[in-house]
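The structure file start.cif is reproduced below (mmCIF, C-alpha atoms and all ligand atoms).
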```
data_my_file
#
loop_
_atom_site.label_atom_id
_atom_site.label_comp_id
_atom_site.auth_asym_id
_atom_site.auth_seq_id
_atom_site.Cartn_x
_atom_site.Cartn_y
_atom_site.Cartn_z
CA MET K 1 77.86 85.03 -132.75
CA HIS K 2 80.73 85.63 -130.31
CA SER K 3 82.69 82.74 -128.86
CA VAL K 4 83.41 82.50 -125.13
CA LEU K 5 85.87 80.33 -123.24
CA VAL K 6 84.79 79.80 -119.63
CA VAL K 7 87.78 78.91 -117.42
CA ASP K 8 87.07 77.68 -113.90
CA ASP K 9 88.41 74.71 -111.93
CA ASP K 10 85.05 74.30 -110.20
CA ASP K 11 83.00 72.09 -112.55
CA GLU K 12 79.69 73.18 -111.11
CA VAL K 13 80.40 76.92 -111.49
CA ARG K 14 81.85 76.42 -114.97
CA ASP K 15 78.82 74.43 -116.16
CA ARG K 16 76.38 76.98 -114.76
CA VAL K 17 78.16 79.97 -116.29
CA ALA K 18 78.57 78.11 -119.59
CA SER K 19 74.86 77.28 -119.73
CA TRP K 20 73.92 80.94 -119.04
CA ALA K 21 76.28 82.14 -121.80
CA ASP K 22 74.90 79.48 -124.12
CA ALA K 23 71.36 80.71 -123.41
CA PHE K 24 72.45 84.27 -124.31
CA GLY K 25 73.51 82.96 -127.73
CA TYR K 26 77.29 82.71 -127.33
CA ALA K 27 79.31 79.77 -128.70
CA VAL K 28 80.70 78.39 -125.44
CA GLN K 29 83.70 76.23 -124.61
CA GLY K 30 84.95 75.29 -121.15
CA ALA K 31 88.37 74.72 -119.58
CA GLY K 32 89.18 73.44 -116.08
CA SER K 33 92.63 75.00 -115.73
CA ALA K 34 94.80 77.80 -117.08
CA GLU K 35 96.90 75.32 -119.10
CA GLU K 36 93.82 73.72 -120.61
CA ALA K 37 92.53 77.20 -121.50
CA LEU K 38 95.72 78.05 -123.41
CA ASP K 39 95.53 74.71 -125.30
CA SER K 40 91.96 75.47 -126.23
CA LEU K 41 92.80 79.01 -127.40
CA ASN K 42 95.74 77.72 -129.46
CA HIS K 43 93.36 75.34 -131.13
CA SER K 44 90.62 77.91 -131.72
CA PRO K 45 91.01 81.47 -130.34
CA ALA K 46 87.88 82.69 -128.51
CA ASP K 47 86.56 86.25 -128.79
CA ILE K 48 86.13 86.41 -125.02
CA ALA K 49 87.82 84.51 -122.17
CA LEU K 50 86.18 84.45 -118.75
CA CYS K 51 88.92 83.52 -116.25
CA ASP K 52 88.49 82.53 -112.63
CA VAL K 53 91.23 84.20 -110.56
CA ASN K 54 91.79 81.48 -107.95
CA MET K 55 92.51 78.14 -109.59
CA ALA K 56 94.68 75.21 -108.57
CA GLY K 57 97.98 75.36 -110.50
CA LYS K 58 98.47 78.48 -112.59
CA ASP K 59 95.95 81.14 -111.56
CA GLY K 60 93.74 83.47 -113.55
CA VAL K 61 96.08 86.47 -113.30
CA TRP K 62 98.85 84.36 -114.90
CA LEU K 63 96.40 83.21 -117.57
CA ALA K 64 95.23 86.78 -118.29
CA TRP K 65 98.84 87.82 -118.81
CA ARG K 66 99.45 84.93 -121.28
CA ILE K 67 96.25 85.66 -123.15
CA ARG K 68 97.11 89.36 -123.44
CA GLU K 69 100.49 88.39 -124.85
CA ASN K 70 99.43 85.67 -127.29
CA PHE K 71 95.84 86.48 -128.21
CA PRO K 72 95.62 90.28 -128.52
CA GLN K 73 92.06 90.19 -129.83
CA THR K 74 90.60 88.05 -127.06
CA ALA K 75 88.72 90.14 -124.50
CA ILE K 76 89.46 89.08 -120.91
CA ILE K 77 86.95 89.07 -118.08
CA MET K 78 88.13 88.09 -114.61
CA ALA K 79 85.95 86.41 -111.98
CA SER K 80 86.86 86.17 -108.34
CA ALA K 81 85.26 85.44 -105.00
CA VAL K 82 87.94 87.48 -103.30
CA ARG K 83 87.22 91.12 -102.57
CA ASP K 84 90.85 91.75 -103.25
CA VAL K 85 91.41 95.29 -104.46
CA GLU K 86 95.03 94.69 -105.43
CA THR K 87 94.06 91.83 -107.74
CA ALA K 88 91.25 93.88 -109.23
CA VAL K 89 93.51 96.85 -109.89
CA SER K 90 96.34 94.71 -111.31
CA SER K 91 93.79 92.94 -113.52
CA LEU K 92 92.63 96.28 -114.88
CA ARG K 93 96.25 97.08 -115.59
CA ASN K 94 96.40 93.89 -117.68
CA ASP K 95 93.79 95.40 -119.93
CA VAL K 96 91.03 93.32 -118.47
CA VAL K 97 87.63 94.34 -119.78
CA ASP K 98 85.59 93.56 -116.70
CA TYR K 99 85.88 92.04 -113.26
CA LEU K 100 83.08 89.87 -111.88
CA LEU K 101 82.75 89.41 -108.14
CA LYS K 102 81.47 85.91 -107.34
CA PRO K 103 78.74 85.01 -106.86
CA PHE K 104 77.37 86.95 -109.80
CA ASP K 105 74.01 86.63 -111.48
CA GLN K 106 72.96 86.23 -115.10
CA ASN K 107 72.51 89.97 -115.61
CA ARG K 108 76.05 90.78 -114.54
CA LEU K 109 77.34 88.01 -116.79
CA ARG K 110 75.33 89.29 -119.73
CA GLU K 111 76.66 92.82 -119.17
CA ALA K 112 80.28 91.64 -118.92
CA LEU K 113 80.01 89.45 -122.03
CA SER K 114 78.45 92.27 -124.01
CA LEU K 115 81.34 94.53 -123.00
CA GLY K 116 83.75 91.71 -123.95
CA GLY K 117 82.14 91.35 -127.40
CA HIS K 118 82.38 95.11 -127.89
CA TRP K 119 86.06 95.09 -126.85
CA HIS K 120 86.82 92.22 -129.26
CA ALA K 121 85.17 94.06 -132.16
CA ALA K 122 87.11 97.25 -131.33
CA ALA K 123 90.37 95.23 -131.09
CA GLN K 124 89.75 94.05 -134.64
CA GLY K 125 90.10 97.66 -135.72
CA ASP K 126 86.59 99.07 -135.67
CA ILE K 127 87.59 102.69 -134.92
CA LYS K 128 84.02 103.88 -134.49
CA LEU K 129 83.51 101.38 -131.73
CA GLN K 130 86.62 102.35 -129.84
CA GLN K 131 85.40 105.70 -128.49
CA ALA K 132 82.10 104.27 -127.33
CA LEU K 133 84.00 101.39 -125.77
CA GLN K 134 86.19 103.73 -123.71
CA ASP K 135 83.02 105.30 -122.26
CA ARG K 136 81.61 101.89 -121.35
CA LEU K 137 84.87 100.73 -119.80
CA ARG K 138 85.10 103.85 -117.64
CA ALA K 139 81.55 103.44 -116.45
CA ARG K 140 82.31 99.81 -115.54
CA ARG K 141 85.39 100.85 -113.59
CA ALA K 142 83.45 103.41 -111.58
CA SER K 143 80.87 100.80 -110.70
CA LEU K 144 83.56 98.23 -109.91
CA ALA K 145 85.04 100.79 -107.49
CA THR K 146 81.62 101.06 -105.83
CA VAL K 147 81.14 97.29 -105.58
CA LEU K 148 84.62 96.73 -104.16
CA ALA K 149 84.17 99.54 -101.62
CA GLU K 150 80.83 98.09 -100.56
CA ALA K 151 82.40 94.66 -100.10
CA GLN K 152 85.03 95.90 -97.63
CA THR K 153 84.32 95.38 -93.95
CA THR K 154 85.87 98.55 -92.54
CA HIS K 155 85.62 102.23 -93.49
CA GLU K 156 89.39 102.38 -93.92
CA ALA K 157 89.47 99.43 -96.33
CA ALA K 158 86.55 100.89 -98.28
CA LEU K 159 88.25 104.29 -98.52
CA ASP K 160 91.46 102.66 -99.56
CA SER K 161 89.81 100.59 -102.28
CA LEU K 162 88.26 103.71 -103.81
CA ILE K 163 91.52 105.63 -103.63
CA SER K 164 93.38 102.65 -105.20
CA MET K 165 90.99 102.72 -108.14
CA LEU K 166 91.52 106.47 -108.51
CA GLN K 167 95.29 106.09 -108.25
CA PHE K 168 95.13 103.52 -111.05
CA HIS K 169 93.32 106.08 -113.19
CA GLU K 170 95.06 109.30 -112.18
CA ARG K 171 98.73 109.63 -111.34
CA ASP K 172 99.25 111.10 -107.85
CA GLY K 173 95.56 110.50 -107.05
CA ARG K 174 96.49 108.92 -103.72
CA GLY K 175 99.10 111.51 -102.72
CA HIS K 176 96.83 114.42 -103.60
CA SER K 177 93.87 112.90 -101.67
CA ARG K 178 95.93 112.35 -98.52
CA ARG K 179 97.54 115.80 -98.55
CA VAL K 180 94.23 117.56 -99.19
CA ALA K 181 92.62 115.60 -96.33
CA ARG K 182 95.41 116.56 -93.91
CA LEU K 183 95.23 120.23 -94.85
CA THR K 184 91.42 120.28 -94.78
CA LEU K 185 91.36 118.90 -91.23
CA ALA K 186 94.03 121.36 -90.10
CA VAL K 187 92.03 124.32 -91.47
CA ALA K 188 88.83 122.96 -89.86
CA GLU K 189 90.66 122.80 -86.56
CA GLU K 190 91.97 126.36 -86.99
CA LEU K 191 88.38 127.50 -87.55
CA GLY K 192 87.29 125.74 -84.35
CA THR K 193 84.89 123.41 -86.16
CA ALA K 194 86.84 120.37 -85.04
CA ASP K 195 84.78 119.52 -81.95
CA ASN K 196 82.11 117.56 -83.79
CA ASP K 197 83.59 114.11 -84.45
CA HIS K 198 80.85 113.06 -86.83
CA LEU K 199 81.23 116.15 -89.03
CA LEU K 200 84.97 115.82 -88.91
CA THR K 201 84.83 112.22 -90.14
CA GLN K 202 82.54 113.31 -92.96
CA LEU K 203 84.95 116.08 -93.83
CA GLU K 204 87.89 113.69 -93.86
CA HIS K 205 86.03 111.24 -96.11
CA GLY K 206 84.93 114.05 -98.42
CA ALA K 207 88.49 115.36 -98.66
CA LEU K 208 89.99 111.92 -99.31
CA LEU K 209 87.41 111.16 -102.00
CA HIS K 210 86.84 114.65 -103.43
CA ASP K 211 88.12 113.72 -106.91
CA ILE K 212 86.70 110.18 -107.04
CA GLY K 213 84.39 111.36 -109.86
CA LYS K 214 87.50 111.59 -112.04
CA LEU K 215 87.09 107.83 -112.49
CA ASP K 216 84.50 108.99 -115.00
CA VAL K 217 86.82 111.40 -116.85
CA PRO K 218 88.85 109.98 -119.79
CA THR K 219 92.56 109.52 -119.08
CA SER K 220 93.29 111.49 -122.26
CA ILE K 221 91.82 114.57 -120.52
CA LEU K 222 93.36 113.90 -117.09
CA THR K 223 96.85 113.50 -118.53
CA LYS K 224 96.71 116.12 -121.27
CA CYS K 225 99.83 118.30 -121.20
CA ALA K 226 98.27 121.26 -123.02
CA PRO K 227 95.41 123.44 -121.69
CA LEU K 228 92.00 121.79 -122.02
CA ASP K 229 89.68 123.00 -124.79
CA ASP K 230 86.03 123.93 -124.14
CA ASP K 231 84.66 120.46 -124.80
CA GLU K 232 87.26 118.88 -122.52
CA TRP K 233 86.41 121.37 -119.75
CA THR K 234 82.76 120.46 -120.10
CA VAL K 235 83.68 116.82 -119.41
CA MET K 236 86.10 117.72 -116.61
CA ARG K 237 83.46 119.84 -114.85
CA LYS K 238 81.28 116.77 -114.48
CA HIS K 239 83.57 115.13 -111.92
CA PRO K 240 82.01 116.67 -108.76
CA ARG K 241 78.56 115.39 -109.80
CA ALA K 242 79.96 111.98 -110.82
CA GLY K 243 81.74 111.70 -107.45
CA HIS K 244 78.59 112.74 -105.61
CA ASP K 245 76.53 110.11 -107.43
CA LEU K 246 79.09 107.39 -106.79
CA LEU K 247 79.30 108.17 -103.06
CA SER K 248 75.54 108.54 -102.67
CA SER K 249 75.24 104.89 -103.63
CA LEU K 250 77.47 103.88 -100.69
CA PRO K 251 75.63 104.34 -97.37
CA ARG K 252 78.83 104.72 -95.34
CA PHE K 253 80.00 107.68 -97.48
CA ARG K 254 76.66 109.33 -98.20
CA GLY K 255 77.42 112.16 -95.75
CA ALA K 256 80.54 113.07 -97.73
CA ALA K 257 78.71 113.17 -101.07
CA GLU K 258 77.45 116.76 -100.61
CA LEU K 259 80.97 118.03 -99.89
CA VAL K 260 82.29 116.29 -102.98
CA LEU K 261 79.51 117.83 -105.09
CA SER K 262 80.45 121.32 -103.88
CA HIS K 263 84.26 121.23 -103.89
CA HIS K 264 84.53 123.37 -107.06
CA GLU K 265 81.97 125.99 -106.04
CA ALA K 266 83.37 129.53 -105.67
CA PHE K 267 82.45 132.01 -102.91
CA ASP K 268 81.24 134.60 -105.46
CA GLY K 269 79.01 132.10 -107.27
CA SER K 270 81.26 131.62 -110.30
CA GLY K 271 82.05 127.96 -109.55
CA TYR K 272 80.43 124.70 -110.66
CA PRO K 273 78.33 122.58 -110.87
CA ARG K 274 75.54 124.60 -109.21
CA GLY K 275 76.99 128.11 -109.01
CA LEU K 276 76.29 128.26 -105.26
CA GLN K 277 77.30 131.45 -103.48
CA GLY K 278 78.72 132.38 -100.06
CA THR K 279 77.40 130.44 -97.10
CA ASP K 280 75.05 128.46 -99.35
CA ILE K 281 78.18 126.41 -100.01
CA PRO K 282 78.64 124.01 -97.08
CA LEU K 283 81.48 125.18 -94.83
CA GLY K 284 83.25 121.81 -95.28
CA ALA K 285 83.24 122.31 -99.04
CA ARG K 286 84.60 125.87 -98.68
CA ILE K 287 87.48 124.46 -96.62
CA LEU K 288 88.02 121.57 -99.01
CA ALA K 289 88.08 123.91 -102.03
CA ILE K 290 90.90 125.97 -100.59
CA ALA K 291 92.96 122.96 -99.44
CA ASP K 292 92.49 121.38 -102.88
CA SER K 293 93.57 124.53 -104.73
CA TYR K 294 96.58 125.11 -102.50
CA ASP K 295 97.76 121.50 -102.91
CA SER K 296 97.22 121.58 -106.67
CA MET K 297 99.24 124.78 -106.94
CA VAL K 298 102.27 123.64 -104.96
CA HIS K 299 102.55 120.21 -106.61
CA PRO K 300 103.48 119.52 -110.22
CA HIS K 301 100.62 118.94 -112.60
CA THR K 302 100.50 117.61 -116.16
CA GLN K 303 99.73 121.13 -117.42
CA ARG K 304 102.17 123.19 -115.32
CA PRO K 305 105.14 123.07 -112.94
CA PRO K 306 104.70 123.45 -109.15
CA MET K 307 104.37 126.94 -107.72
CA PRO K 308 106.54 128.00 -104.73
CA PRO K 309 104.40 127.96 -101.52
CA ALA K 310 104.79 131.74 -100.94
CA MET K 311 103.41 132.42 -104.41
CA ALA K 312 100.52 130.01 -103.84
CA VAL K 313 99.66 131.84 -100.61
CA ARG K 314 99.62 135.17 -102.50
CA GLU K 315 97.38 133.59 -105.12
CA ILE K 316 94.95 132.39 -102.43
CA GLU K 317 94.96 135.90 -100.88
CA ARG K 318 94.32 137.43 -104.28
CA CYS K 319 91.29 135.17 -104.76
CA SER K 320 90.00 135.62 -101.20
CA GLY K 321 86.42 136.88 -101.45
CA SER K 322 86.03 135.81 -105.09
CA GLN K 323 86.97 132.16 -105.39
CA PHE K 324 87.51 131.55 -101.68
CA ASP K 325 85.70 132.34 -98.43
CA PRO K 326 87.85 135.09 -96.79
CA MET K 327 87.40 133.54 -93.34
CA VAL K 328 88.69 130.19 -94.62
CA ALA K 329 91.51 131.85 -96.59
CA ASP K 330 92.67 133.54 -93.36
CA ALA K 331 92.54 130.21 -91.52
CA LEU K 332 94.63 128.54 -94.24
CA GLY K 333 97.18 131.37 -93.86
CA GLN K 334 97.35 130.69 -90.12
CA VAL K 335 97.76 126.93 -90.64
CA LEU K 336 100.64 127.51 -93.05
CA VAL K 337 102.30 129.96 -90.66
CA HIS K 338 102.03 127.41 -87.79
CA ALA K 339 103.43 124.71 -90.09
CA SER K 340 106.44 126.81 -91.10
CA GLU K 341 107.04 127.77 -87.45
CA ALA K 342 107.00 124.08 -86.54
CA VAL K 343 109.66 123.39 -89.19
CA HIS K 344 112.00 126.20 -88.08
FE FE L 1 88.19 118.25 -108.16
FE FE L 2 91.60 117.75 -106.31
#
```
Could you write out this file's structure as structure tokens?
Ligand SMILES: [Fe+2]
Ligand SMILES: [Fe+2]
Amino acid sequence: MHSVLVVDDDDEVRDRVASWADAFGYAVQGAGSAEEALDSLNHSPADIALCDVNMAGKDGVWLAWRIRENFPQTAIIMASAVRDVETAVSSLRNDVVDYLLKPFDQNRLREALSLGGHWHAAAQGDIKLQQALQDRLRARRASLATVLAEAQTTHEAALDSLISMLQFHERDGRGHSRRVARLTLAVAEELGTADNDHLLTQLEHGALLHDIGKLDVPTSILTKCAPLDDDEWTVMRKHPRAGHDLLSSLPRFRGAAELVLSHHEAFDGSGYPRGLQGTDIPLGARILAIADSYDSMVHPHTQRPPMPPAMAVREIERCSGSQFDPMVADALGQVLVHASEAVH
């Protein structure tokens, strides 16, 4: 039986959560403040600590930090009523297992505690559990990104929360998203497709979030310095579908989901995930694919140094008609010419 310490300065919430955990079969203790929680852990370390973020006196983020330092085998779950993306992301950085948005129900609690128990067992050195745990943690992070995005009141805040989660997971995630979005819109304008505001907004959202499915790709693959092997490519190639599924669950970004799904399709049908060909690939995705490739080429990457822009342009020309739509490749060329004229 796993032990759980429930830390909340609201007696009513603490008692309710404790009684749910008790009913699930956990050995439960309660604490009304961060200091009391540390006393309790010093006395008998718990397998899992469920910490409220906003408490009078020392808060839950402070407590999480102390627990991480002094009780390396205690799994930490944070709970907060605040839809605060910064706190969520900094909690994840503190090796927090899960993040509960209040009010949460018994099912969410059960899920978080089960993940906490799993984490505790893996921390005790059960190697077999560790791989499976990484998969569960990634899945939780992707769904936390969805919940946080849904909880934001504006489109901008929702976009930003998703990009923050991606940035946490992938270095340069934010910079790459922004640059690809700018270039995508410029190419769309060059092609004269920029007069439909609705489509343009969808295109901007799709471009900003095109790699959001990488939340579902292990960091070990995203940051690998050597070329990926076949198995790793198989995992990597799932990110357009993962991104599509994540965005389809958010009504405000559903229109962008199709573009995200198709951003690695190739004009000659050799792309993934569906092997679509030519104009079967949505125009927005054909534009996004070229902006994405150009940006990836001219910026440093874990597996290779940046390419000079002139060489990247030649590479795009070389792949015009195979990987890229020739019409879109020409438009990208024009955009880059205008941009260099503007600089000189
Ligand atoms: Fe991608
Ligand atoms: Fe990308």
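The coordinates place CA of Leu222 (chain K) at 9.9 Å from CA of His301 (chain K).
Here the question is which of K:Val180, K:Met327, K:Ile281, K:Ala186 gets nearest to Asp295 (chain K) using all atoms listed in the file, and that residue is K:Val180.
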Counting all atoms listed in the file, what residues are within 7 Å of ligand FE 2 (chain L), given as an mmCIF file with C-alpha atoms, in the coordinates of the input?
```
data_model
loop_
_atom_site.group_PDB
_atom_site.id
_atom_site.type_symbol
_atom_site.label_atom_id
_atom_site.label_comp_id
_atom_site.auth_asym_id
_atom_site.auth_seq_id
_atom_site.Cartn_x
_atom_site.Cartn_y
_atom_site.Cartn_z
ATOM 1 C CA HIS K 176 96.830 114.420 -103.600
ATOM 2 C CA HIS K 210 86.840 114.650 -103.430
ATOM 3 C CA ASP K 211 88.120 113.720 -106.910
ATOM 4 C CA ASP K 292 92.490 121.380 -102.880
ATOM 5 C CA SER K 296 97.220 121.580 -106.670
#
```
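Of note, CA of Met297 (chain K) and CA of Ser320 (chain K) are spaced 15.4 Å apart.
One finds CA of Trp233 (chain K) at 24.0 Å from CA of Asp325 (chain K).
Considering the residues K:Gly116, K:Pro309, K:Pro326, K:Gly32 and counting all atoms listed in the file, Met78 (chain K) has its shortest atom-to-atom contact with K:Gly116.
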Give the answer as one residue: which of K:Gly284, K:Pro240, K:Gly125, K:Gly30 has the shortest atom-to-atom distance to ligand FE 1 (chain L), using all atoms listed in the file?
K:Pro240
Residues near His2 (chain K), anyone? I mean within 10 Å using only C-alpha atoms, not counting same-chain ones fewer than 2 positions away, as a PyMOL selection string.
chain K and resi 4+25-28+46-48+113-114+116-118+120-121
Around ligand FE 1 (chain L), out to 10 Å and counting all atoms listed in the file, which residues are there? I want them as an MDAnalysis selection string.
chainID K and resid 207 209:214 236:240 243 260:264 288:289 292:293 296
Write out as a ChimeraX atom specification which residues come within 9 Å of Arg141 (chain K) when counting all atoms listed in the file, dropping same-chain ones fewer than 3 positions away.
/K:92,98-99,136-138,144-146,165,215-216
Interface rows for region 193-290 of chain K against region 302-306 of chain K: nearest pair, Å to one decimal, 10 Å, only C-alpha atoms, as a tab-separated table:
```
residue	atom	partner	partner_atom	distance
K:Leu222	CA	K:Thr302	CA	8.1
K:Thr223	CA	K:Thr302	CA	6.0
K:Lys224	CA	K:Thr302	CA	6.5
K:Cys225	CA	K:Gln303	CA	4.7
K:Ala226	CA	K:Gln303	CA	5.8
K:Pro227	CA	K:Gln303	CA	6.5
K:Leu228	CA	K:Gln303	CA	9.0
```
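Closest to Val335 (chain K) among K:Thr234, K:Thr184, K:Gln131, K:Ser40 is K:Thr184, based on only C-alpha atoms.
Comparing K:Arg241, K:Asp9, K:Leu199, K:Ile77 by their smallest distance to Ala64 (chain K), the closest is K:Ile77 (using only C-alpha atoms).
Take the candidates K:Leu5, K:Ala266, K:Ala339, K:Leu250 and check each one against Ala158 (chain K) using all atoms listed in the file; the shortest distance goes to K:Leu250.
Counting only C-alpha atoms, Pro251 (chain K) has the following residues at most 12 Å away, ignoring those fewer than 2 positions along the same chain: K:Thr146, K:Ala149, K:Glu150, K:His155, K:Ala158, K:Asp245, K:Leu246, K:Leu247, K:Ser248, K:Ser249, K:Phe253, K:Arg254, K:Gly255, K:Ala256, K:Ala257.
By chain and then residue number, the residues within 9 Å of Leu276 (chain K) are Ser262, Glu265, Ala266, Phe267, Asp268, Gly269 and Ser270 of chain K, counting only C-alpha atoms and disregarding those fewer than 6 positions away in sequence.
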